[in-house]
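To be precise, the following lines are upload13.pdb, and they hold PDB, C-alpha atoms.
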```
ATOM      1  CA  MET A   1     -34.085  16.673  57.687
ATOM      2  CA  LEU A   2     -33.523  15.621  54.068
ATOM      3  CA  THR A   3     -37.117  16.533  53.187
ATOM      4  CA  LEU A   4     -36.706  19.982  54.734
ATOM      5  CA  GLN A   5     -33.472  20.527  52.832
ATOM      6  CA  ILE A   6     -35.137  19.581  49.541
ATOM      7  CA  VAL A   7     -38.046  21.936  50.242
ATOM      8  CA  GLY A   8     -35.580  24.680  51.131
ATOM      9  CA  VAL A   9     -33.582  24.210  47.940
ATOM     10  CA  ILE A  10     -36.733  24.239  45.782
ATOM     11  CA  THR A  11     -37.941  27.395  47.533
ATOM     12  CA  VAL A  12     -34.619  29.175  46.979
ATOM     13  CA  LEU A  13     -34.549  28.168  43.309
ATOM     14  CA  THR A  14     -38.112  29.416  42.858
ATOM     15  CA  LEU A  15     -37.316  32.772  44.442
ATOM     16  CA  ALA A  16     -33.863  33.111  42.851
ATOM     17  CA  PRO A  17     -34.975  35.469  40.013
ATOM     18  CA  SER A  18     -36.744  37.768  42.465
ATOM     19  CA  ILE A  19     -33.789  37.681  44.848
ATOM     20  CA  LEU A  20     -31.452  38.533  41.982
ATOM     21  CA  VAL A  21     -33.526  41.510  40.863
ATOM     22  CA  MET A  22     -34.594  42.856  44.256
ATOM     23  CA  MET A  23     -31.570  42.276  46.507
ATOM     24  CA  THR A  24     -28.561  42.890  44.252
ATOM     25  CA  CYS A  25     -27.241  45.659  42.012
ATOM     26  CA  PHE A  26     -28.656  43.980  38.892
ATOM     27  CA  THR A  27     -31.534  46.456  38.654
ATOM     28  CA  ARG A  28     -29.290  49.514  38.487
ATOM     29  CA  ILE A  29     -26.997  47.979  35.877
ATOM     30  CA  ILE A  30     -29.667  46.671  33.497
ATOM     31  CA  VAL A  31     -31.749  49.879  33.646
ATOM     32  CA  VAL A  32     -28.687  52.016  32.855
ATOM     33  CA  PHE A  33     -27.795  49.719  29.951
ATOM     34  CA  HIS A  34     -31.256  50.139  28.448
ATOM     35  CA  PHE A  35     -31.098  53.922  28.898
ATOM     36  CA  LEU A  36     -27.782  53.867  27.045
ATOM     37  CA  LYS A  37     -29.303  51.821  24.244
ATOM     38  CA  GLN A  38     -32.197  54.275  23.906
ATOM     39  CA  ALA A  39     -29.853  57.272  23.987
ATOM     40  CA  LEU A  40     -27.719  55.829  21.205
ATOM     41  CA  GLY A  41     -30.842  55.173  19.154
ATOM     42  CA  THR A  42     -29.934  51.600  18.288
ATOM     43  CA  THR A  43     -33.035  49.444  18.406
ATOM     44  CA  SER A  44     -31.506  45.980  18.248
ATOM     45  CA  GLN A  45     -27.817  46.456  19.053
ATOM     46  CA  PRO A  46     -26.506  45.380  21.468
ATOM     47  CA  PRO A  47     -29.062  42.543  21.797
ATOM     48  CA  ASN A  48     -31.045  42.437  25.029
ATOM     49  CA  GLN A  49     -29.657  38.964  25.767
ATOM     50  CA  LEU A  50     -26.108  40.347  25.618
ATOM     51  CA  LEU A  51     -26.928  43.271  27.905
ATOM     52  CA  THR A  52     -28.667  40.973  30.385
ATOM     53  CA  SER A  53     -25.735  38.534  30.413
ATOM     54  CA  LEU A  54     -23.236  41.358  30.920
ATOM     55  CA  ALA A  55     -25.372  42.776  33.734
ATOM     56  CA  LEU A  56     -25.473  39.341  35.375
ATOM     57  CA  PHE A  57     -21.702  38.909  35.300
ATOM     58  CA  LEU A  58     -21.132  42.442  36.611
ATOM     59  CA  THR A  59     -23.662  41.739  39.373
ATOM     60  CA  PHE A  60     -21.863  38.567  40.430
ATOM     61  CA  PHE A  61     -18.536  40.422  40.341
ATOM     62  CA  ILE A  62     -19.800  43.163  42.644
ATOM     63  CA  MET A  63     -21.788  40.848  44.913
ATOM     64  CA  GLN A  64     -18.975  38.296  45.328
ATOM     65  CA  PRO A  65     -17.941  39.492  48.839
ATOM     66  CA  VAL A  66     -21.595  39.372  49.935
ATOM     67  CA  LEU A  67     -22.104  35.900  48.451
ATOM     68  CA  ASN A  68     -18.897  34.626  50.040
ATOM     69  CA  GLU A  69     -19.915  35.907  53.469
ATOM     70  CA  ALA A  70     -23.378  34.375  53.156
ATOM     71  CA  ASN A  71     -21.846  31.052  52.129
ATOM     72  CA  ASN A  72     -19.090  31.000  54.769
ATOM     73  CA  LYS A  73     -21.232  32.134  57.706
ATOM     74  CA  GLY A  74     -24.589  30.666  56.777
ATOM     75  CA  ILE A  75     -24.691  27.852  54.240
ATOM     76  CA  GLN A  76     -21.489  25.949  55.016
ATOM     77  CA  PRO A  77     -21.928  25.900  58.839
ATOM     78  CA  TYR A  78     -25.522  24.713  58.364
ATOM     79  CA  LEU A  79     -24.476  21.909  56.012
ATOM     80  CA  LYS A  80     -21.917  20.850  58.632
ATOM     81  CA  GLU A  81     -24.705  20.980  61.251
ATOM     82  CA  GLU A  82     -22.797  23.558  63.283
ATOM     83  CA  ILE A  83     -25.719  26.001  63.447
ATOM     84  CA  THR A  84     -29.506  25.748  63.345
ATOM     85  CA  GLN A  85     -31.668  26.510  60.335
ATOM     86  CA  ASP A  86     -32.854  29.825  61.824
ATOM     87  CA  GLU A  87     -29.269  30.900  62.479
ATOM     88  CA  ALA A  88     -28.297  29.915  58.941
ATOM     89  CA  ILE A  89     -31.105  32.016  57.432
ATOM     90  CA  THR A  90     -30.101  34.982  59.603
ATOM     91  CA  ASN A  91     -26.438  34.655  58.608
ATOM     92  CA  VAL A  92     -27.304  34.379  54.918
ATOM     93  CA  VAL A  93     -29.648  37.373  54.912
ATOM     94  CA  LYS A  94     -27.375  39.611  57.020
ATOM     95  CA  PRO A  95     -24.725  40.454  54.355
ATOM     96  CA  PHE A  96     -27.432  41.120  51.741
ATOM     97  CA  ARG A  97     -29.287  43.297  54.221
ATOM     98  CA  GLU A  98     -26.143  45.301  55.038
ATOM     99  CA  PHE A  99     -25.400  45.759  51.332
ATOM    100  CA  MET A 100     -28.932  46.990  50.628
ATOM    101  CA  LEU A 101     -28.961  49.386  53.584
ATOM    102  CA  ARG A 102     -25.741  51.030  52.372
ATOM    103  CA  GLN A 103     -27.400  51.762  49.029
ATOM    104  CA  THR A 104     -30.871  52.726  50.338
ATOM    105  CA  ARG A 105     -31.994  56.312  50.803
ATOM    106  CA  GLN A 106     -33.399  57.213  54.209
ATOM    107  CA  GLU A 107     -36.522  58.690  52.597
ATOM    108  CA  ASP A 108     -37.354  55.412  50.849
ATOM    109  CA  LEU A 109     -36.705  53.352  53.956
ATOM    110  CA  GLY A 110     -38.841  55.691  56.034
ATOM    111  CA  LEU A 111     -41.671  55.371  53.513
ATOM    112  CA  PHE A 112     -41.949  51.603  53.908
ATOM    113  CA  ILE A 113     -41.536  51.766  57.672
ATOM    114  CA  ARG A 114     -44.554  54.101  57.780
ATOM    115  CA  LEU A 115     -46.527  51.959  55.332
ATOM    116  CA  SER A 116     -45.865  48.860  57.422
ATOM    117  CA  GLY A 117     -47.534  50.530  60.402
ATOM    118  CA  ALA A 118     -44.553  49.874  62.624
ATOM    119  CA  GLY A 119     -43.403  52.485  65.067
ATOM    120  CA  LYS A 120     -40.200  54.447  64.683
ATOM    121  CA  PRO A 121     -37.334  51.971  65.205
ATOM    122  CA  ASN A 122     -34.724  52.716  67.831
ATOM    123  CA  ASP A 123     -32.044  50.990  65.776
ATOM    124  CA  ILE A 124     -31.563  49.935  62.172
ATOM    125  CA  ASN A 125     -31.553  46.314  63.336
ATOM    126  CA  GLU A 126     -35.210  46.711  64.301
ATOM    127  CA  VAL A 127     -36.198  47.492  60.703
ATOM    128  CA  SER A 128     -37.782  44.514  58.993
ATOM    129  CA  THR A 129     -36.004  43.050  55.987
ATOM    130  CA  TRP A 130     -39.383  43.093  54.216
ATOM    131  CA  ALA A 131     -39.246  46.900  54.451
ATOM    132  CA  VAL A 132     -35.584  47.105  53.432
ATOM    133  CA  ILE A 133     -36.022  45.161  50.164
ATOM    134  CA  PRO A 134     -38.646  47.409  48.461
ATOM    135  CA  ALA A 135     -36.946  50.542  49.829
ATOM    136  CA  TYR A 136     -33.669  49.374  48.300
ATOM    137  CA  SER A 137     -35.383  48.611  44.985
ATOM    138  CA  ILE A 138     -36.892  52.067  44.511
ATOM    139  CA  SER A 139     -33.624  53.673  45.620
ATOM    140  CA  GLU A 140     -31.838  51.694  42.923
ATOM    141  CA  LEU A 141     -34.434  52.727  40.350
ATOM    142  CA  LYS A 142     -33.993  56.408  41.208
ATOM    143  CA  THR A 143     -30.213  56.142  41.006
ATOM    144  CA  ALA A 144     -30.434  54.285  37.685
ATOM    145  CA  PHE A 145     -32.770  56.947  36.253
ATOM    146  CA  GLN A 146     -30.413  59.708  37.406
ATOM    147  CA  ILE A 147     -27.494  58.017  35.649
ATOM    148  CA  GLY A 148     -29.656  57.397  32.592
ATOM    149  CA  PHE A 149     -30.610  61.092  32.434
ATOM    150  CA  LEU A 150     -26.940  62.104  32.484
ATOM    151  CA  ILE A 151     -26.240  59.635  29.681
ATOM    152  CA  PHE A 152     -29.090  61.043  27.595
ATOM    153  CA  ILE A 153     -27.941  64.692  27.745
ATOM    154  CA  PRO A 154     -24.931  64.611  25.343
ATOM    155  CA  PHE A 155     -26.768  62.423  22.832
ATOM    156  CA  LEU A 156     -29.836  64.678  22.990
ATOM    157  CA  VAL A 157     -27.692  67.774  22.376
ATOM    158  CA  LEU A 158     -26.075  66.052  19.402
ATOM    159  CA  ASP A 159     -29.507  65.131  17.971
ATOM    160  CA  MET A 160     -30.665  68.748  18.314
ATOM    161  CA  ILE A 161     -27.544  70.112  16.622
ATOM    162  CA  ILE A 162     -27.866  67.733  13.685
ATOM    163  CA  ALA A 163     -31.604  68.383  13.319
ATOM    164  CA  SER A 164     -31.040  72.164  13.349
ATOM    165  CA  THR A 165     -28.221  71.854  10.820
ATOM    166  CA  LEU A 166     -30.341  69.811   8.424
ATOM    167  CA  MET A 167     -33.231  72.255   8.721
ATOM    168  CA  SER A 168     -30.959  75.231   8.058
ATOM    169  CA  LEU A 169     -29.695  73.463   4.920
ATOM    170  CA  GLY A 170     -33.247  72.833   3.774
ATOM    171  CA  MET A 171     -32.968  69.055   4.011
ATOM    172  CA  PHE A 172     -36.431  68.549   5.490
ATOM    173  CA  LEU A 173     -36.938  65.106   3.962
ATOM    174  CA  LEU A 174     -33.723  63.648   5.385
ATOM    175  CA  PRO A 175     -34.399  62.000   8.789
ATOM    176  CA  PRO A 176     -31.999  63.436  11.413
ATOM    177  CA  GLN A 177     -31.625  59.961  12.964
ATOM    178  CA  LEU A 178     -30.043  58.738   9.738
ATOM    179  CA  ILE A 179     -27.155  61.163  10.221
ATOM    180  CA  SER A 180     -26.970  61.280  14.017
ATOM    181  CA  LEU A 181     -26.823  57.516  14.626
ATOM    182  CA  PRO A 182     -23.414  56.838  13.025
ATOM    183  CA  ILE A 183     -22.013  60.032  14.554
ATOM    184  CA  LYS A 184     -23.217  59.033  18.031
ATOM    185  CA  VAL A 185     -21.762  55.555  17.619
ATOM    186  CA  LEU A 186     -18.441  57.014  16.430
ATOM    187  CA  LEU A 187     -18.240  59.443  19.363
ATOM    188  CA  PHE A 188     -19.143  56.666  21.790
ATOM    189  CA  ILE A 189     -16.273  54.592  20.419
ATOM    190  CA  LEU A 190     -13.810  57.497  20.491
ATOM    191  CA  VAL A 191     -14.461  58.249  24.174
ATOM    192  CA  ASP A 192     -14.359  54.517  25.032
ATOM    193  CA  GLY A 193     -17.955  54.701  26.184
ATOM    194  CA  TRP A 194     -18.378  51.163  27.481
ATOM    195  CA  ASN A 195     -15.336  51.543  29.711
ATOM    196  CA  LEU A 196     -16.602  54.862  31.092
ATOM    197  CA  ILE A 197     -20.154  53.632  31.678
ATOM    198  CA  ILE A 198     -19.146  50.416  33.423
ATOM    199  CA  GLU A 199     -16.424  52.136  35.466
ATOM    200  CA  SER A 200     -18.907  54.764  36.642
ATOM    201  CA  LEU A 201     -21.497  52.124  37.472
ATOM    202  CA  MET A 202     -19.054  49.980  39.433
ATOM    203  CA  LYS A 203     -17.710  52.958  41.366
ATOM    204  CA  SER A 204     -21.192  54.226  42.178
ATOM    205  CA  ILE A 205     -22.119  50.848  43.665
ATOM    206  CA  MET A 206     -18.836  50.099  45.405
ATOM    207  CA  LYS A 207     -18.660  53.602  46.853
ATOM    208  CA  GLY A 208     -21.981  52.978  48.545
ATOM    209  CA  SER A 209     -20.686  49.636  49.766
TER
END
```
Is it possible to express this structure as structure tokens?
Amino acid sequence: MLTLQIVGVITVLTLAPSILVMMTCFTRIIVVFHFLKQALGTTSQPPNQLLTSLALFLTFFIMQPVLNEANNKGIQPYLKEEITQDEAITNVVKPFREFMLRQTRQEDLGLFIRLSGAGKPNDINEVSTWAVIPAYSISELKTAFQIGFLIFIPFLVLDMIIASTLMSLGMFLLPPQLISLPIKVLLFILVDGWNLIIESLMKSIMKGS
């Protein structure tokens, strides 16, 4: 039993990065953060380490109910030898699976059901978790890109206005980015951009939950 537990712990630790990226909201958050960074035009600020750490903490904040359910219904009963290992795995995966299904588009889920060669399921419970995970991932990527596009629009308009203004003034040798960057940063501060971005992200995820 002890040997199996050690093997199980090592396996979980090995797969932890993939589980974090593929089965939580981390993907959506970190992709949106990088879109924001590109839209602002800042190459090194905020640092990638800071954005990743913030995305991790936001992920744990959002996923806390899921983690608590997995721990209370799966891990703790198994450690107390109240349920079998198979039941523990099922109880741990179930809350993650329910979270992913709430965020997954039907088109993406249908794609991986067809690719798996399985017949049309009669119930969502018949859908394999191995089909749910990649379907959830590409759904998250699409949502993140949609949010990123909306973030890009006002900054792109501002860049175009500044570039047109400089050209009309005959300042062809002055890079537009040199003028637009501080203006974009100032506007982002004035509208409390970080608060708006994070609030919108959290609501978009929790609304689906």
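Proximity to A:Glu87 at 10 Å, evaluated using only C-alpha atoms and with sequence-adjacent residues fewer than 5 positions away removed, yields Lys73, Gly74, Ile75, Pro77, Tyr78, Glu82, Val92 and Val93 of chain A.
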Apply the PyMOL selection byres ((chain A and resi 136-147) around 6) to the file shown and report the selected residues as a tab-separated table (two decimals) with C-alpha atoms, in the frame of the given file.
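Wrote expr-v9.tsv, looks like this:
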```
chain	number	residue	atom	x	y	z
A	22	MET	CA	-34.59	42.86	44.26
A	28	ARG	CA	-29.29	49.51	38.49
A	32	VAL	CA	-28.69	52.02	32.85
A	100	MET	CA	-28.93	46.99	50.63
A	104	THR	CA	-30.87	52.73	50.34
A	132	VAL	CA	-35.58	47.10	53.43
A	133	ILE	CA	-36.02	45.16	50.16
A	134	PRO	CA	-38.65	47.41	48.46
A	135	ALA	CA	-36.95	50.54	49.83
A	148	GLY	CA	-29.66	57.40	32.59
A	149	PHE	CA	-30.61	61.09	32.43
A	150	LEU	CA	-26.94	62.10	32.48
```
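Between atom CA of A:Ser200 and atom CA of A:His34 the interatomic distance comes to 15.5 Å.
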- Using only C-alpha atoms, find the one residue out of A:Leu109, A:Leu40, A:Cys25, A:Leu79 that sits nearest to A:Gln64. A:Cys25
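Applied to this file, the PyMOL selection byres ((chain A and resi 110-116) around 10) selects A:Arg105, A:Gln106, A:Glu107, A:Asp108, A:Leu109, A:Gly117, A:Ala118, A:Gly119, A:Lys120, A:Pro121, A:Val127, A:Ser128, A:Trp130, A:Ala131, A:Val132, A:Ile133, A:Pro134, A:Ala135.
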Determine, counting all atoms listed in the file, which protein, DNA and RNA residues have an atom within 12 Å of an atom of A:Val185; residues of the same chain fewer than 2 positions away are not included. Present the result as a JSON list (two decimals) with C-alpha atoms, keeping the file's coordinate frame.
```json
[["chain", "number", "residue", "atom", "x", "y", "z"],
["A", 36, "LEU", "CA", -27.78, 53.87, 27.04],
["A", 37, "LYS", "CA", -29.30, 51.82, 24.24],
["A", 39, "ALA", "CA", -29.85, 57.27, 23.99],
["A", 40, "LEU", "CA", -27.72, 55.83, 21.20],
["A", 41, "GLY", "CA", -30.84, 55.17, 19.15],
["A", 42, "THR", "CA", -29.93, 51.60, 18.29],
["A", 45, "GLN", "CA", -27.82, 46.46, 19.05],
["A", 46, "PRO", "CA", -26.51, 45.38, 21.47],
["A", 155, "PHE", "CA", -26.77, 62.42, 22.83],
["A", 158, "LEU", "CA", -26.08, 66.05, 19.40],
["A", 177, "GLN", "CA", -31.62, 59.96, 12.96],
["A", 178, "LEU", "CA", -30.04, 58.74, 9.74],
["A", 179, "ILE", "CA", -27.16, 61.16, 10.22],
["A", 180, "SER", "CA", -26.97, 61.28, 14.02],
["A", 181, "LEU", "CA", -26.82, 57.52, 14.63],
["A", 182, "PRO", "CA", -23.41, 56.84, 13.02],
["A", 183, "ILE", "CA", -22.01, 60.03, 14.55],
["A", 187, "LEU", "CA", -18.24, 59.44, 19.36],
["A", 188, "PHE", "CA", -19.14, 56.67, 21.79],
["A", 189, "ILE", "CA", -16.27, 54.59, 20.42],
["A", 190, "LEU", "CA", -13.81, 57.50, 20.49],
["A", 191, "VAL", "CA", -14.46, 58.25, 24.17],
["A", 192, "ASP", "CA", -14.36, 54.52, 25.03],
["A", 193, "GLY", "CA", -17.95, 54.70, 26.18],
["A", 194, "TRP", "CA", -18.38, 51.16, 27.48]]
```
